[in-house]
$ cat coords38.cif   # mmCIF, C-alpha atoms
data_structure
#
loop_
_atom_site.label_atom_id
_atom_site.label_comp_id
_atom_site.auth_asym_id
_atom_site.auth_seq_id
_atom_site.Cartn_x
_atom_site.Cartn_y
_atom_site.Cartn_z
CA MET A 287 35.40 124.16 118.83
CA ASP A 288 31.74 124.05 117.79
CA ASP A 289 30.20 127.22 119.30
CA ARG A 290 26.58 126.15 118.84
CA ARG A 291 27.25 122.85 120.53
CA LEU A 292 29.02 124.67 123.37
CA ASP A 293 26.06 127.08 123.67
CA ASN A 294 23.64 124.19 123.94
CA ILE A 295 25.69 122.43 126.59
CA GLU A 296 25.95 125.64 128.58
CA GLN A 297 22.20 126.28 128.27
CA ALA A 298 21.34 122.72 129.30
CA LEU A 299 23.61 122.88 132.33
CA LEU A 300 22.23 126.25 133.44
CA ALA A 301 18.68 124.93 132.96
CA HIS A 302 19.57 121.98 135.15
CA ALA A 303 20.97 124.31 137.80
CA ARG A 304 17.84 126.52 137.71
CA ALA A 305 15.53 123.61 138.41
CA PRO A 306 14.09 123.91 141.95
CA LYS A 307 15.79 121.69 144.48
CA ALA A 308 13.88 120.54 147.51
CA ALA A 309 15.91 120.95 150.67
CA VAL A 310 14.50 118.78 153.44
CA VAL A 311 15.50 119.74 156.96
CA PRO A 312 16.66 116.65 158.92
CA PHE A 313 14.24 115.95 161.79
CA ASP A 314 16.93 116.34 164.48
CA PHE A 315 18.70 119.32 162.90
CA THR A 316 18.00 121.79 165.73
CA ALA A 317 18.83 119.22 168.41
CA ARG A 318 22.22 118.48 166.85
CA VAL A 319 23.08 122.16 166.43
CA MET A 320 22.06 122.90 170.02
CA CYS A 321 24.11 119.97 171.32
CA GLU A 322 27.27 121.45 169.77
CA VAL A 323 26.30 124.99 170.74
CA ARG A 324 25.90 123.98 174.41
CA GLN A 325 29.30 122.26 174.34
CA LYS A 326 30.87 125.40 172.85
CA ALA A 327 29.19 127.57 175.48
CA GLU A 328 30.42 125.34 178.35
CA HIS A 329 33.95 125.14 176.98
CA GLY A 330 33.93 128.88 176.38
CA GLU A 331 32.98 129.51 180.01
CA ASP A 332 35.63 127.03 181.19
CA PHE A 333 38.26 128.86 179.17
CA TRP A 334 37.38 132.27 180.61
CA ASP A 335 37.23 130.87 184.15
CA VAL A 336 40.76 129.48 183.79
CA PHE A 337 41.94 132.64 182.03
CA GLY A 338 40.58 134.83 184.84
CA LEU A 339 42.19 132.67 187.54
CA VAL A 340 45.60 132.65 185.80
CA ALA A 341 45.41 136.38 185.11
CA GLN A 342 44.62 137.15 188.78
CA ARG A 343 47.40 134.90 190.05
CA PHE A 344 50.13 136.04 187.70
CA ALA A 345 49.19 139.70 187.15
CA PRO A 346 51.60 141.14 189.81
CA ILE A 347 54.53 139.04 188.54
CA CYS A 348 53.80 139.99 184.90
CA ALA A 349 53.59 143.68 185.81
CA LEU A 350 56.96 143.53 187.63
CA ALA A 351 58.59 141.65 184.73
CA ALA A 352 57.24 144.13 182.16
CA THR A 353 58.48 147.09 184.22
CA ALA A 354 61.94 145.51 184.54
CA VAL A 355 62.17 144.81 180.80
CA CYS A 356 61.09 148.36 179.88
CA GLY A 357 63.54 149.85 182.37
CA TYR A 358 66.39 147.72 181.08
CA ALA A 359 65.60 148.66 177.47
CA GLN A 360 65.50 152.38 178.29
CA PHE A 361 68.77 152.17 180.22
CA MET A 362 70.54 150.29 177.39
CA ASP A 363 69.20 152.75 174.85
CA ARG A 364 70.69 155.60 176.83
CA VAL A 365 74.04 153.84 177.27
CA LEU A 366 74.26 153.07 173.56
CA GLY A 367 73.30 156.65 172.64
CA GLN A 368 76.02 158.05 174.88
CA ALA A 369 78.63 155.61 173.51
CA LEU A 370 77.83 156.58 169.92
CA LEU A 371 77.94 160.28 170.77
CA SER A 372 81.27 159.87 172.53
CA LEU A 373 82.81 157.90 169.65
CA SER A 374 81.57 160.38 167.05
CA MET A 375 83.11 163.23 169.01
CA HIS A 376 86.42 161.39 168.90
CA GLY A 377 86.26 161.16 165.10
CA ALA A 378 84.72 157.73 164.45
CA GLY A 379 83.35 157.41 160.93
CA ALA A 380 79.71 156.69 160.04
CA VAL A 381 80.57 153.12 158.96
CA THR A 382 82.21 152.35 162.30
CA LEU A 383 79.25 153.78 164.21
CA ALA A 384 76.78 151.86 162.05
CA GLY A 385 78.70 148.66 162.82
CA LEU A 386 78.17 149.26 166.55
CA MET A 387 74.41 149.52 166.20
CA PRO A 388 72.56 146.47 167.53
CA MET B 219 9.80 137.97 170.09
CA ASN B 220 11.91 139.15 167.14
CA ASP B 221 15.37 137.92 166.14
CA ALA B 222 17.22 140.85 167.72
CA GLU B 223 15.55 140.20 171.07
CA ILE B 224 16.42 136.50 170.91
CA VAL B 225 20.05 137.38 170.07
CA ARG B 226 20.14 139.65 173.13
CA ARG B 227 18.78 136.82 175.29
CA VAL B 228 21.44 134.42 174.02
CA LEU B 229 24.19 136.98 174.61
CA ASP B 230 22.86 137.48 178.15
CA GLY B 231 23.52 133.79 178.81
CA ASP B 232 20.29 132.03 177.77
CA VAL B 233 21.98 129.59 175.36
CA ASN B 234 18.78 127.57 174.86
CA ALA B 235 17.11 130.58 173.21
CA PHE B 236 19.43 130.02 170.24
CA ALA B 237 17.21 127.03 169.34
CA LEU B 238 14.47 129.54 168.43
CA LEU B 239 16.77 131.09 165.82
CA VAL B 240 17.75 127.68 164.46
CA ASP B 241 14.11 126.60 164.16
CA GLU B 242 13.15 129.87 162.50
CA HIS B 243 15.88 129.98 159.89
CA CYS B 244 17.06 126.40 159.30
CA ALA B 245 14.90 125.89 156.18
CA GLN B 246 16.22 129.07 154.55
CA ILE B 247 19.86 128.39 155.41
CA LEU B 248 19.56 124.81 154.22
CA ALA B 249 18.07 126.11 150.96
CA VAL B 250 21.14 128.36 150.56
CA THR B 251 23.69 125.64 151.30
CA SER B 252 21.94 123.10 149.08
CA ARG B 253 22.34 125.55 146.15
CA HIS B 254 26.08 125.84 146.69
CA VAL B 255 27.39 122.49 147.95
CA PRO B 256 26.46 118.90 147.04
CA GLN B 257 23.03 117.82 148.35
CA ASP B 258 24.48 115.20 150.68
CA ARG B 259 26.69 117.81 152.41
CA ALA B 260 24.19 120.69 152.56
CA ALA B 261 22.85 119.84 156.04
CA GLU B 262 26.39 119.51 157.39
CA VAL B 263 27.41 122.93 156.05
CA ALA B 264 24.17 124.48 157.37
CA HIS B 265 24.92 122.93 160.78
CA GLU B 266 28.44 124.44 160.73
CA SER B 267 26.96 127.79 159.73
CA PHE B 268 24.67 127.89 162.79
CA VAL B 269 27.50 126.88 165.12
CA ARG B 270 29.73 129.57 163.60
CA ALA B 271 26.90 132.09 163.96
CA PHE B 272 26.64 131.22 167.65
CA GLU B 273 30.38 131.72 168.12
CA ARG B 274 30.26 135.11 166.41
CA LEU B 275 26.89 136.25 167.76
CA GLY B 276 28.56 139.11 169.63
CA THR B 277 29.54 140.68 166.29
CA PHE B 278 25.90 140.93 165.11
CA LYS B 279 25.19 144.65 165.19
CA GLY B 280 21.53 144.49 164.21
CA GLU B 281 22.05 146.93 161.31
CA SER B 282 20.66 144.39 158.82
CA PRO B 283 18.13 141.59 159.40
CA PHE B 284 19.54 138.63 161.31
CA VAL B 285 18.80 136.28 158.42
CA HIS B 286 21.03 138.35 156.07
CA TRP B 287 23.88 138.15 158.55
CA LEU B 288 23.29 134.41 158.91
CA THR B 289 23.15 133.92 155.14
CA ARG B 290 26.51 135.67 154.75
CA ILE B 291 28.02 133.24 157.26
CA ALA B 292 26.46 130.29 155.39
CA LEU B 293 27.91 131.54 152.07
CA ARG B 294 31.37 131.85 153.62
CA ARG B 295 31.06 128.28 154.92
CA CYS B 296 30.12 127.14 151.40
CA ALA B 297 33.22 128.88 149.99
CA ASP B 298 35.33 127.25 152.72
CA PHE B 299 33.85 123.89 151.77
CA TRP B 300 35.14 124.27 148.20
CA ARG B 301 38.51 125.62 149.35
CA GLY B 302 38.87 122.46 151.40
CA ARG B 303 38.14 120.39 148.32
CA ALA B 304 40.60 122.03 145.97
CA ARG B 305 41.78 118.55 145.01
CA SER B 306 38.48 117.93 143.22
CA ARG B 307 39.68 120.45 140.61
CA GLU B 308 42.27 117.93 139.55
CA THR B 309 39.62 115.40 138.55
CA VAL B 310 39.79 114.93 134.80
CA PHE B 311 36.57 114.90 132.82
CA SER B 312 37.12 111.34 131.63
CA ALA B 313 36.88 110.19 135.28
CA LEU B 314 33.19 111.14 135.33
CA GLY B 315 32.32 107.98 133.43
CA SER B 316 30.62 106.97 130.24
CA GLY B 317 27.24 108.49 131.21
CA ALA B 318 28.68 112.01 131.19
CA ARG B 319 30.45 111.44 127.85
CA GLU B 320 27.23 110.09 126.36
CA TRP B 321 25.30 113.13 127.65
CA ILE B 322 27.79 115.45 125.91
CA GLU B 323 27.72 113.46 122.66
CA ASN B 324 23.92 113.36 122.53
CA ILE B 325 23.32 117.03 123.29
CA PRO B 326 20.45 118.15 121.02
CA ASP B 327 21.08 120.85 118.42
CA ALA B 328 18.09 122.97 119.44
CA ALA B 329 15.58 123.40 122.26
CA ALA B 330 12.90 121.88 120.05
CA ASP B 331 14.92 118.68 119.92
CA GLY B 332 14.50 118.09 123.66
CA LEU B 333 17.19 120.26 125.22
CA GLU B 334 15.07 120.71 128.35
CA ALA B 335 14.53 116.99 128.78
CA HIS B 336 18.26 116.50 128.31
CA ALA B 337 18.92 119.12 131.00
CA GLU B 338 16.78 117.22 133.50
CA ARG B 339 18.97 114.11 133.36
CA SER B 340 21.20 113.42 136.36
CA GLU B 341 24.33 113.43 134.16
CA ALA B 342 23.83 117.17 133.70
CA GLY B 343 24.22 117.59 137.45
CA VAL B 344 27.41 115.52 137.47
CA ILE B 345 28.95 117.57 134.63
CA LEU B 346 27.82 120.85 136.16
CA ASP B 347 29.36 119.92 139.53
CA TRP B 348 32.60 118.98 137.79
CA ALA B 349 32.69 122.20 135.74
CA LEU B 350 31.90 124.40 138.77
CA ALA B 351 34.60 122.61 140.76
CA GLN B 352 37.15 123.95 138.24
CA LEU B 353 36.29 127.53 139.27
CA ALA B 354 37.56 129.47 142.28
CA PRO B 355 35.15 129.28 145.27
CA ASP B 356 34.08 132.94 145.01
CA ASP B 357 33.53 132.63 141.24
CA ARG B 358 31.39 129.59 141.88
CA LEU B 359 29.31 131.39 144.51
CA VAL B 360 28.68 134.50 142.46
CA LEU B 361 27.92 132.50 139.31
CA THR B 362 25.41 130.32 141.15
CA MET B 363 23.67 133.31 142.71
CA THR B 364 23.49 135.47 139.59
CA HIS B 365 23.13 133.10 136.63
CA MET B 366 21.50 130.10 138.27
CA ASP B 367 19.43 131.41 141.19
CA GLY B 368 18.68 134.64 139.33
CA GLN B 369 19.14 136.79 142.42
CA PRO B 370 19.18 140.58 141.96
CA LEU B 371 22.73 141.92 141.68
CA ASN B 372 22.35 144.33 144.62
CA ASN B 373 21.19 141.42 146.77
CA VAL B 374 24.30 139.44 145.74
CA ALA B 375 26.48 142.49 146.48
CA ASP B 376 24.94 142.74 149.94
CA LEU B 377 25.44 139.05 150.70
CA MET B 378 29.01 138.89 149.37
CA GLY B 379 30.02 142.22 150.91
CA TRP B 380 31.12 143.47 147.46
CA SER B 381 30.32 146.59 145.46
CA LEU B 382 27.71 146.32 142.72
CA SER B 383 30.33 146.85 140.00
CA LYS B 384 32.52 144.10 141.47
CA VAL B 385 29.58 141.69 141.40
CA LYS B 386 28.93 142.53 137.73
CA VAL B 387 32.58 142.04 136.76
CA ARG B 388 33.09 138.85 138.78
CA SER B 389 29.81 137.37 137.56
CA HIS B 390 30.70 138.07 133.94
CA ARG B 391 34.21 136.66 134.34
CA ALA B 392 32.93 133.57 136.15
CA ARG B 393 30.48 132.87 133.33
CA ARG B 394 33.31 133.21 130.81
CA LYS B 395 35.52 130.88 132.87
CA LEU B 396 32.72 128.30 132.99
CA ARG B 397 32.44 128.53 129.23
CA ASP B 398 36.22 128.08 128.90
CA VAL B 399 36.07 124.99 131.09
CA LEU B 400 33.27 123.52 128.96
CA GLY B 401 35.18 124.43 125.79
CA ARG B 402 38.29 122.61 127.02
CA MET B 403 36.10 119.64 127.88
CA LEU B 404 34.90 119.44 124.26
CA ASP B 405 38.39 119.78 122.78
#
$ encode --input "coords38.cif" --output "structure tokens"
Amino acid sequence: MDDRRLDNIEQALLAHARAPKAAVVPFDFTARVMCEVRQKAEHGEDFWDVFGLVAQRFAPICALAATAVCGYAQFMDRVLGQALLSLSMHGAGAVTLAGLMP
Amino acid sequence: MNDAEIVRRVLDGDVNAFALLVDEHCAQILAVTSRHVPQDRAAEVAHESFVRAFERLGTFKGESPFVHWLTRIALRRCADFWRGRARSRETVFSALGSGAREWIENIPDAAADGLEAHAERSEAGVILDWALAQLAPDDRLVLTMTHMDGQPLNNVADLMGWSLSKVKVRSHRARRKLRDVLGRMLD
């Protein structure tokens, strides 16, 4: 590879990149942005309205369901713990007990 | 009314006040995007940047000037633009046409031989775009800001959210990668 040639290409490309570029703002730029922004704002409000309504309607049912699931999990944990303790007291090996773990 | 006050108005529900921020900063953001993405897509990326800024306006803490925060969003949109065009990396140099090949073949040996005039030709832009497209989006951003725009390194670190040493390392590596790409092009 010719290093001087490569240097010159690199310098020429960087010089091209450094040249000032005029950025012209489109005449309707703000109007277009605001059009999309207003749509986003309206949709955003719609979403939170629906979310609030659904949350209010289903909050009691969700709370009951969550309580039931937690209670069931705690109960099963206790049952499993007692079963493992009982089996270990009757001489079950570690491998057998590990096989019973969910 | 300053930017922070306008932001507060928008967050309080006056969506139309956001137009004041767009009017105030559109030229600067467009200047940023036009440095990092092709000219014909710069306005589109600037537009996306403002919309994204509106969506995330609640995260603006006011610790730095609003325009810095906005510029960071614009730079991330520019990086996203190039991530979305990863396929352009697969373009082989020969696909750029005879003009680009001729530009390479006729590169002057020294500045006195008209290197600057050669740099002003449109083919230089085509080759530069192709070479930059071979780099990772972050490499491209940091290279453009440091070696082409000549921005101070601490300014680049602030905009990219990087440490100063990381900017130095990434900038140096990106320049070396660009040189490797150009070297492979000549081989």
$ residues_near_point --input "coords38.cif" --point "(25.9, 136.8, 149.7)" --cutoff "7 Å" --atoms "all atoms listed in the file" --output "number ranges by chain"
B: 289-290, 293, 374-379
$ interface_residues --input "coords38.cif" --of "chain A" --to "chain B" --cutoff "7 Å" --atoms "all atoms listed in the file" --output "PyMOL selection string"
chain A and resi 287+291-292+294-295+298-304+309+311+316+319-320+323-324
$ residues_near_point --input "coords38.cif" --point "(32.3, 142.5, 143.7)" --cutoff "10 Å" --atoms "only C-alpha atoms" --output "list in words"
Asp356, Val360, Leu371, Val374, Ala375, Asp376, Met378, Gly379, Trp380, Ser381, Leu382, Ser383, Lys384, Val385, Lys386, Val387, Arg388 and Ser389 of chain B
$ axis_aligned_box --input "coords38.cif" --around "range 370-381 of chain A" --padding-each-side "5 Å" --output "AutoDock Vina command-line options"
--center_x 82.1 --center_y 158.2 --center_z 165.7 --size_x 18.6 --size_y 20.1 --size_z 23.6
$ closest_residue --input "coords38.cif" --among "A:Ala305, A:Ala327, A:Cys321, A:Val365" --to "Arg274 in chain B" --atoms "only C-alpha atoms"
A:Ala327
$ atom_distance --input "coords38.cif" --atom1 "CA of Ala292 in chain B" --atom2 "CA of His254 in chain B"
9.8 Å
$ closest_residue --input "coords38.cif" --among "B:Val255, B:Leu288, B:Met219, B:Val263" --to "Phe315 in chain A" --atoms "all atoms listed in the file"
B:Val263
$ residues_around --input "coords38.cif" --residues "Trp300 in chain B" --least-positions-apart "5" --cutoff "9 Å" --atoms "all atoms listed in the file" --output "PDB file with C-alpha atoms, keeping the file's coordinate frame"
ATOM      1  CA  VAL B 255      27.390 122.490 147.950  1.00  0.00           C
ATOM      2  CA  ARG B 295      31.060 128.280 154.920  1.00  0.00           C
ATOM      3  CA  SER B 306      38.480 117.930 143.220  1.00  0.00           C
ATOM      4  CA  ALA B 351      34.600 122.610 140.760  1.00  0.00           C
ATOM      5  CA  ALA B 354      37.560 129.470 142.280  1.00  0.00           C
ATOM      6  CA  PRO B 355      35.150 129.280 145.270  1.00  0.00           C
TER       7      PRO B 355
END
